[in-house]
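Here the structure is laid out as structure tokens; the discussion comes afterwards.
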Amino acid sequence: MGKVILRARGIFKNYRAGNRMVSALKQMDLEIEEGLFYAVVGRSGSGKTTLLQVLSTQEEVDGGDIWLDGEAYGTISASRRALLRRKKIGVVFQEYRLMAELTVYENIVLPSLLDGREIDGEYIGKVMNLLEIEQLKDAYPHQLSGGELQRTAIARAMANRPRIIFADEPTGQLDETSAFQVMRLLRESSALFGQTVVMVTHNKQLAQYADKVLVLDEGTLVGGIGDD
């Protein structure tokens with residue numbers, strides 16, 4: 001087993017749905033190894049997206065704790081958690097969330113600018129070249145195809161050299177050909193730059209790109225494929 005970059009112990013998350021409480025996550029333990037590509041699969045409503053949101057600090061758990069590089073989410077302030085998210089976590093959303101008024105390049109470097117970081121032009125260029133969008137750097141989102149939009153979103157998530165990237169159904173809005181191209185490029189880029197990836201997907205064929213597959217059912221981790 002390799003070095004564990006992220007660890008969860010006893011985490012649970014509940015939501016209110018009308019007059020009843022729904023357990024989205026139930027007392028889950030989880031370990032994510034550094035440098036590997038994980039796919040999280042399960043039926044609709046199994047807790048996949050909720051797990052991704054709490055692991056990426058977008059939401060807080062109701063109990064248990066999560067550690068990234070040994071630092072516990074639950075014991076730090078909201079401002080420190082936001083700093084941790086900016087510096088060590090990259091997120092790829094299904095709906096892209098690009099700024100319409102910014103070019104491809106400007107969208108990609110925006111996280112660095114907001115964080116007051118000096119832009120590493122050489123690194124950004126390598127990322128854009130690998131994701132095959134370097135020729136689109138001056139284009140605007142409305143001029144791009146779905147696959148190009150998602151590859152731009154992936155490049156933005158990688159811009160700050162995060163320790164771990166979370167991707168929520170990153171190919172959900174793409175046709176099959178574009179979906180497999182995006183998956184291949186995400187896999188190649190994460191391997192080249194040594195970044196851990198945790199991806200939620202409903203597509204079992206796309207999950208085959210992963211080193212390990214985590215299977216959820218009704219808020220519980222019921223299995224893993226690829227474990228030694």
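How things are named: the first chain in the structure tokens is A, the next is B, and so on; residues count from 1 in each chain; ligands count from 1 in the order shown.
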
Exercise for review: Run DSSP on the backbone of this structure and report the residues of segment 68-153 of chain A it assigns to strand (DSSP E or B), as a PyMOL selection string.
Suggested key: chain A and resi 68+71-72+89-92

Write out, as an mmCIF file, in the first residue's frame, the residues just selected, with N, CA and C atoms.
data_model
loop_
_atom_site.group_PDB
_atom_site.id
_atom_site.type_symbol
_atom_site.label_atom_id
_atom_site.label_comp_id
_atom_site.auth_asym_id
_atom_site.auth_seq_id
_atom_site.Cartn_x
_atom_site.Cartn_y
_atom_site.Cartn_z
ATOM 1 N N LEU A 68 -6.440 15.484 5.321
ATOM 2 C CA LEU A 68 -5.694 15.623 4.073
ATOM 3 C C LEU A 68 -4.270 15.993 4.430
ATOM 4 N N GLU A 71 -3.831 16.777 8.073
ATOM 5 C CA GLU A 71 -4.543 17.905 8.669
ATOM 6 C C GLU A 71 -6.042 17.628 8.666
ATOM 7 N N ALA A 72 -6.663 17.664 9.851
ATOM 8 C CA ALA A 72 -8.079 17.327 9.983
ATOM 9 C C ALA A 72 -8.969 18.496 9.612
ATOM 10 N N ILE A 89 -6.467 21.372 -3.170
ATOM 11 C CA ILE A 89 -7.592 20.657 -3.764
ATOM 12 C C ILE A 89 -8.015 21.305 -5.079
ATOM 13 N N GLY A 90 -8.224 20.486 -6.081
ATOM 14 C CA GLY A 90 -8.789 20.946 -7.339
ATOM 15 C C GLY A 90 -10.125 20.243 -7.552
ATOM 16 N N VAL A 91 -11.110 20.963 -8.092
ATOM 17 C CA VAL A 91 -12.439 20.389 -8.310
ATOM 18 C C VAL A 91 -12.851 20.587 -9.765
ATOM 19 N N VAL A 92 -13.326 19.504 -10.383
ATOM 20 C CA VAL A 92 -13.853 19.555 -11.745
ATOM 21 C C VAL A 92 -15.346 19.294 -11.659
#

With only C-alpha atoms as the counted atoms, please give the residues lying no more than 12 Å from Ala82 of chain A, apart from itself and same-chain residues fewer than 6 positions off, as an mmCIF file with N, CA and C atoms, in the first residue's frame.
data_model
loop_
_atom_site.group_PDB
_atom_site.id
_atom_site.type_symbol
_atom_site.label_atom_id
_atom_site.label_comp_id
_atom_site.auth_asym_id
_atom_site.auth_seq_id
_atom_site.Cartn_x
_atom_site.Cartn_y
_atom_site.Cartn_z
ATOM 1 N N SER A 56 -13.995 17.025 -0.512
ATOM 2 C CA SER A 56 -13.380 18.209 -1.129
ATOM 3 C C SER A 56 -13.660 19.489 -0.351
ATOM 4 N N THR A 57 -14.199 19.373 0.863
ATOM 5 C CA THR A 57 -14.482 20.488 1.785
ATOM 6 C C THR A 57 -15.607 21.397 1.302
ATOM 7 N N GLN A 58 -16.352 21.005 0.263
ATOM 8 C CA GLN A 58 -17.466 21.833 -0.183
ATOM 9 C C GLN A 58 -18.628 21.774 0.806
ATOM 10 N N GLU A 59 -18.725 20.671 1.542
ATOM 11 C CA GLU A 59 -19.717 20.530 2.595
ATOM 12 C C GLU A 59 -19.045 19.927 3.826
ATOM 13 N N TYR A 73 -9.961 18.248 8.754
ATOM 14 C CA TYR A 73 -10.893 19.292 8.361
ATOM 15 C C TYR A 73 -11.670 19.838 9.555
ATOM 16 N N ILE A 76 -10.152 22.679 12.118
ATOM 17 C CA ILE A 76 -9.596 23.946 11.639
ATOM 18 C C ILE A 76 -10.736 24.925 11.352
ATOM 19 N N LYS A 88 -4.533 22.945 -1.982
ATOM 20 C CA LYS A 88 -4.263 21.510 -2.112
ATOM 21 C C LYS A 88 -5.334 20.730 -2.862
ATOM 22 N N ILE A 89 -6.467 21.372 -3.170
ATOM 23 C CA ILE A 89 -7.592 20.657 -3.764
ATOM 24 C C ILE A 89 -8.015 21.305 -5.079
ATOM 25 N N ASP A 115 -5.688 33.671 -5.703
ATOM 26 C CA ASP A 115 -4.894 33.255 -4.542
ATOM 27 C C ASP A 115 -3.627 34.086 -4.396
#

Practice item. Could you tell me which of A:Gly10, A:Gly18, A:Gly35, A:Gly224 comes closest to Asp62 of chain A if we count only C-alpha atoms? Key: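 Answer, going by the shortest atom-to-atom distance: A:Gly10.
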
Review point. What's the 9 Å shell around Val104 of chain A, counting only C-alpha atoms, without same-chain residues fewer than 6 positions away, as a VMD selection string?
Key: chain A and resid 98 133 to 134 136 to 141 149 152

Selected residues written out, C-alpha atoms, as a compact mmCIF listing (two decimals), in the first residue's frame:
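Output file out.txt follows:
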# COMPACT_ATOMS: atom_id res chain seq x y z
CA LEU A 98 -16.25 28.70 -16.54
CA ILE A 133 -6.35 23.08 -25.69
CA GLU A 134 -3.21 25.21 -26.13
CA LEU A 136 -7.68 27.60 -27.85
CA LYS A 137 -6.08 29.86 -25.24
CA ASP A 138 -7.61 33.05 -26.70
CA ALA A 139 -11.06 31.55 -27.34
CA TYR A 140 -14.11 32.20 -25.16
CA PRO A 141 -16.30 29.47 -23.62
CA LEU A 149 -15.07 23.12 -22.16
CA THR A 152 -10.50 23.68 -19.90

Exercise for review: Enumerate the residues of segment 70-188 of chain A with a DSSP assignment of helix (DSSP H, G or I), computed from the backbone, and present them as a VMD selection string.
Suggested key: chain A and resid 73 to 75 78 to 88 104 to 114 121 to 130 134 to 136 141 to 143 146 to 158 176 to 188

Selection from above, C-alpha atoms, as a compact mmCIF listing (two decimals), in the first residue's frame, can you write it?
# COMPACT_ATOMS: atom_id res chain seq x y z
CA TYR A 73 -10.89 19.29 8.36
CA GLY A 74 -13.04 19.32 11.48
CA THR A 75 -10.46 20.91 13.77
CA ALA A 78 -13.56 27.96 8.04
CA SER A 79 -10.88 30.33 6.71
CA ARG A 80 -8.17 27.70 7.14
CA ARG A 81 -10.41 25.15 5.41
CA ALA A 82 -10.88 27.54 2.49
CA LEU A 83 -7.10 28.03 2.30
CA LEU A 84 -6.57 24.27 2.33
CA ARG A 85 -9.08 23.92 -0.51
CA ARG A 86 -7.39 26.60 -2.62
CA LYS A 87 -3.87 25.29 -2.14
CA LYS A 88 -4.26 21.51 -2.11
CA VAL A 104 -9.67 29.85 -21.96
CA TYR A 105 -6.28 30.92 -20.63
CA GLU A 106 -7.79 33.49 -18.27
CA ASN A 107 -10.22 30.91 -16.89
CA ILE A 108 -7.38 28.47 -16.26
CA VAL A 109 -5.15 30.92 -14.37
CA LEU A 110 -8.01 32.57 -12.45
CA PRO A 111 -7.50 30.41 -9.31
CA SER A 112 -3.84 31.44 -9.19
CA LEU A 113 -4.72 35.12 -9.57
CA LEU A 114 -7.39 34.93 -6.85
CA GLY A 121 3.55 29.89 -17.42
CA GLU A 122 5.68 26.86 -18.27
CA TYR A 123 3.57 24.53 -16.13
CA ILE A 124 0.27 25.99 -17.41
CA GLY A 125 1.54 25.56 -20.97
CA LYS A 126 2.37 21.91 -20.34
CA VAL A 127 -1.07 21.28 -18.88
CA MET A 128 -2.83 22.98 -21.80
CA ASN A 129 -0.69 21.14 -24.33
CA LEU A 130 -1.35 17.76 -22.73
CA GLU A 134 -3.21 25.21 -26.13
CA GLN A 135 -4.47 26.42 -29.52
CA LEU A 136 -7.68 27.60 -27.85
CA PRO A 141 -16.30 29.47 -23.62
CA HIS A 142 -19.18 30.03 -26.05
CA GLN A 143 -16.81 29.16 -28.89
CA GLY A 146 -18.43 20.31 -24.73
CA GLY A 147 -15.21 18.31 -24.68
CA GLU A 148 -13.12 21.48 -24.98
CA LEU A 149 -15.07 23.12 -22.16
CA GLN A 150 -14.46 20.16 -19.88
CA ARG A 151 -10.76 19.96 -20.72
CA THR A 152 -10.50 23.68 -19.90
CA ALA A 153 -12.22 23.00 -16.56
CA ILE A 154 -9.73 20.20 -15.85
CA ALA A 155 -6.81 22.50 -16.66
CA ARG A 156 -8.24 25.10 -14.26
CA ALA A 157 -8.50 22.47 -11.52
CA MET A 158 -4.84 21.59 -12.09
CA GLU A 176 -19.33 8.97 -25.87
CA THR A 177 -16.35 9.90 -28.06
CA SER A 178 -15.67 13.15 -26.17
CA ALA A 179 -16.19 11.39 -22.83
CA PHE A 180 -13.52 8.80 -23.52
CA GLN A 181 -11.13 11.45 -24.84
CA VAL A 182 -11.58 13.57 -21.69
CA MET A 183 -11.05 10.51 -19.49
CA ARG A 184 -7.90 9.52 -21.32
CA LEU A 185 -6.47 13.02 -21.03
CA LEU A 186 -7.44 13.36 -17.36
CA ARG A 187 -5.74 10.05 -16.64
CA GLU A 188 -2.60 10.98 -18.58

Exercise for review: For Asp211 of chain A, list every protein, DNA or RNA residue within 12 Å, evaluated using only C-alpha atoms, and leave out those in the same chain fewer than 3 positions away; present the list as a ChimeraX atom specification.
Suggested key: /A:32-40,187,190-191,196-199,206-208,214,224-228

Suppose we keep C-alpha atoms; can you now write the selection as a PDB file, in the first residue's frame?
ATOM      1  CA  ILE A  32      -7.063   7.385  -0.593  1.00  0.00           C
ATOM      2  CA  GLU A  33      -3.510   6.632  -1.674  1.00  0.00           C
ATOM      3  CA  GLU A  34      -1.252   9.263  -3.170  1.00  0.00           C
ATOM      4  CA  GLY A  35      -0.849   9.311  -6.943  1.00  0.00           C
ATOM      5  CA  LEU A  36      -3.682   6.909  -7.773  1.00  0.00           C
ATOM      6  CA  PHE A  37      -6.813   7.410  -9.874  1.00  0.00           C
ATOM      7  CA  TYR A  38     -10.041   6.431  -8.082  1.00  0.00           C
ATOM      8  CA  ALA A  39     -13.515   6.012  -9.540  1.00  0.00           C
ATOM      9  CA  VAL A  40     -16.523   6.139  -7.211  1.00  0.00           C
ATOM     10  CA  ARG A 187      -5.736  10.048 -16.637  1.00  0.00           C
ATOM     11  CA  SER A 190      -2.801  13.239 -13.486  1.00  0.00           C
ATOM     12  CA  ALA A 191      -0.148  10.562 -14.015  1.00  0.00           C
ATOM     13  CA  THR A 196      -4.349  11.968  -7.055  1.00  0.00           C
ATOM     14  CA  VAL A 197      -7.802  11.886  -8.660  1.00  0.00           C
ATOM     15  CA  VAL A 198     -11.134  10.889  -7.114  1.00  0.00           C
ATOM     16  CA  MET A 199     -13.872  10.798  -9.746  1.00  0.00           C
ATOM     17  CA  LEU A 206     -15.157   5.009 -17.860  1.00  0.00           C
ATOM     18  CA  ALA A 207     -14.471   3.611 -14.384  1.00  0.00           C
ATOM     19  CA  GLN A 208     -12.097   1.126 -16.029  1.00  0.00           C
ATOM     20  CA  LEU A 214     -14.962   2.325  -4.866  1.00  0.00           C
ATOM     21  CA  GLY A 224     -13.466  -1.757  -3.825  1.00  0.00           C
ATOM     22  CA  ILE A 225     -11.958  -3.052  -7.052  1.00  0.00           C
ATOM     23  CA  GLY A 226      -8.219  -2.849  -7.580  1.00  0.00           C
ATOM     24  CA  ASP A 227      -7.196  -3.372  -3.945  1.00  0.00           C
ATOM     25  CA  ASP A 228      -4.222  -5.594  -3.342  1.00  0.00           C
TER      26      ASP A 228
END

Exercise for review: Between atom CA of Phe93 of chain A and atom CA of Arg20 of chain A, measure the distance and give it in Å to one decimal.
Suggested key: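 Interatomic distance here is 28.9 Å.
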
Exercise for review: Excluding Asp69 of chain A and any residue of its chain fewer than 4 positions from it, enumerate the residues within 9 Å of it, using only C-alpha atoms, and give them as a ChimeraX atom specification.
Suggested key: /A:4-7,163

Next, write the just-selected residues to a file, as a JSON list (two decimals), in the first residue's frame, keeping N, CA and C atoms as the atom set.
[["chain", "number", "residue", "atom", "x", "y", "z"],
["A", 4, "VAL", "N", -0.86, 7.20, 2.19],
["A", 4, "VAL", "CA", -2.24, 7.66, 2.26],
["A", 4, "VAL", "C", -2.25, 9.19, 2.30],
["A", 5, "ILE", "N", -2.89, 9.81, 1.30],
["A", 5, "ILE", "CA", -2.96, 11.27, 1.25],
["A", 5, "ILE", "C", -4.22, 11.79, 1.92],
["A", 6, "LEU", "N", -5.31, 10.99, 1.87],
["A", 6, "LEU", "CA", -6.57, 11.42, 2.46],
["A", 6, "LEU", "C", -7.19, 10.25, 3.22],
["A", 7, "ARG", "N", -7.65, 10.54, 4.42],
["A", 7, "ARG", "CA", -8.24, 9.50, 5.27],
["A", 7, "ARG", "C", -9.53, 10.01, 5.89],
["A", 163, "ARG", "N", -2.81, 18.79, -4.61],
["A", 163, "ARG", "CA", -2.39, 17.46, -4.19],
["A", 163, "ARG", "C", -3.41, 16.42, -4.65]]

Compile the contact shell of Val41 of chain A as a CSV table (one decimal) with C-alpha atoms, in the first residue's frame: residues with an atom at most 12 Å away, counting only C-alpha atoms, same-chain residues fewer than 6 positions apart removed.
chain,number,residue,atom,x,y,z
A,47,GLY,CA,-24.2,9.0,-1.8
A,48,LYS,CA,-21.5,9.4,-4.5
A,49,THR,CA,-21.8,13.2,-5.0
A,51,LEU,CA,-19.0,11.8,-0.6
A,52,LEU,CA,-17.2,13.9,-3.1
A,168,ASP,CA,-18.0,15.0,-10.2
A,169,GLU,CA,-19.3,13.2,-13.3
A,198,VAL,CA,-11.1,10.9,-7.1
A,199,MET,CA,-13.9,10.8,-9.7
A,200,VAL,CA,-17.6,10.1,-9.4
A,201,THR,CA,-19.1,8.4,-12.4
A,202,HIS,CA,-22.2,6.3,-13.3
A,203,ASN,CA,-20.4,4.9,-16.4
A,204,LYS,CA,-18.7,1.6,-15.6
A,205,GLN,CA,-16.7,1.7,-18.9
A,206,LEU,CA,-15.2,5.0,-17.9
A,207,ALA,CA,-14.5,3.6,-14.4
A,208,GLN,CA,-12.1,1.1,-16.0
A,210,ALA,CA,-9.2,4.1,-12.7
A,212,LYS,CA,-9.2,1.5,-8.0
A,213,VAL,CA,-13.0,1.5,-8.0
A,214,LEU,CA,-15.0,2.3,-4.9
A,215,VAL,CA,-18.5,1.0,-4.8
A,216,LEU,CA,-21.2,2.8,-2.8
A,217,ASP,CA,-24.7,1.6,-1.9
A,218,GLU,CA,-27.2,3.6,0.3
A,219,GLY,CA,-24.4,5.7,1.8
A,220,THR,CA,-22.1,2.8,2.6
A,221,LEU,CA,-18.9,1.8,1.1
A,222,VAL,CA,-19.6,-1.8,0.1
A,223,GLY,CA,-16.6,-2.7,-2.0
A,224,GLY,CA,-13.5,-1.8,-3.8
A,225,ILE,CA,-12.0,-3.1,-7.1

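Among the candidate residues A:Gly2, A:Val54, A:Thr171, A:Ile66, the one lying nearest to Asp29 of chain A is A:Ile66, with distances computed using only C-alpha atoms.
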
Check your understanding: Quick one, how far is atom CA of Phe193 of chain A from atom CA of Arg97 of chain A?
Key -> 23.3 Å
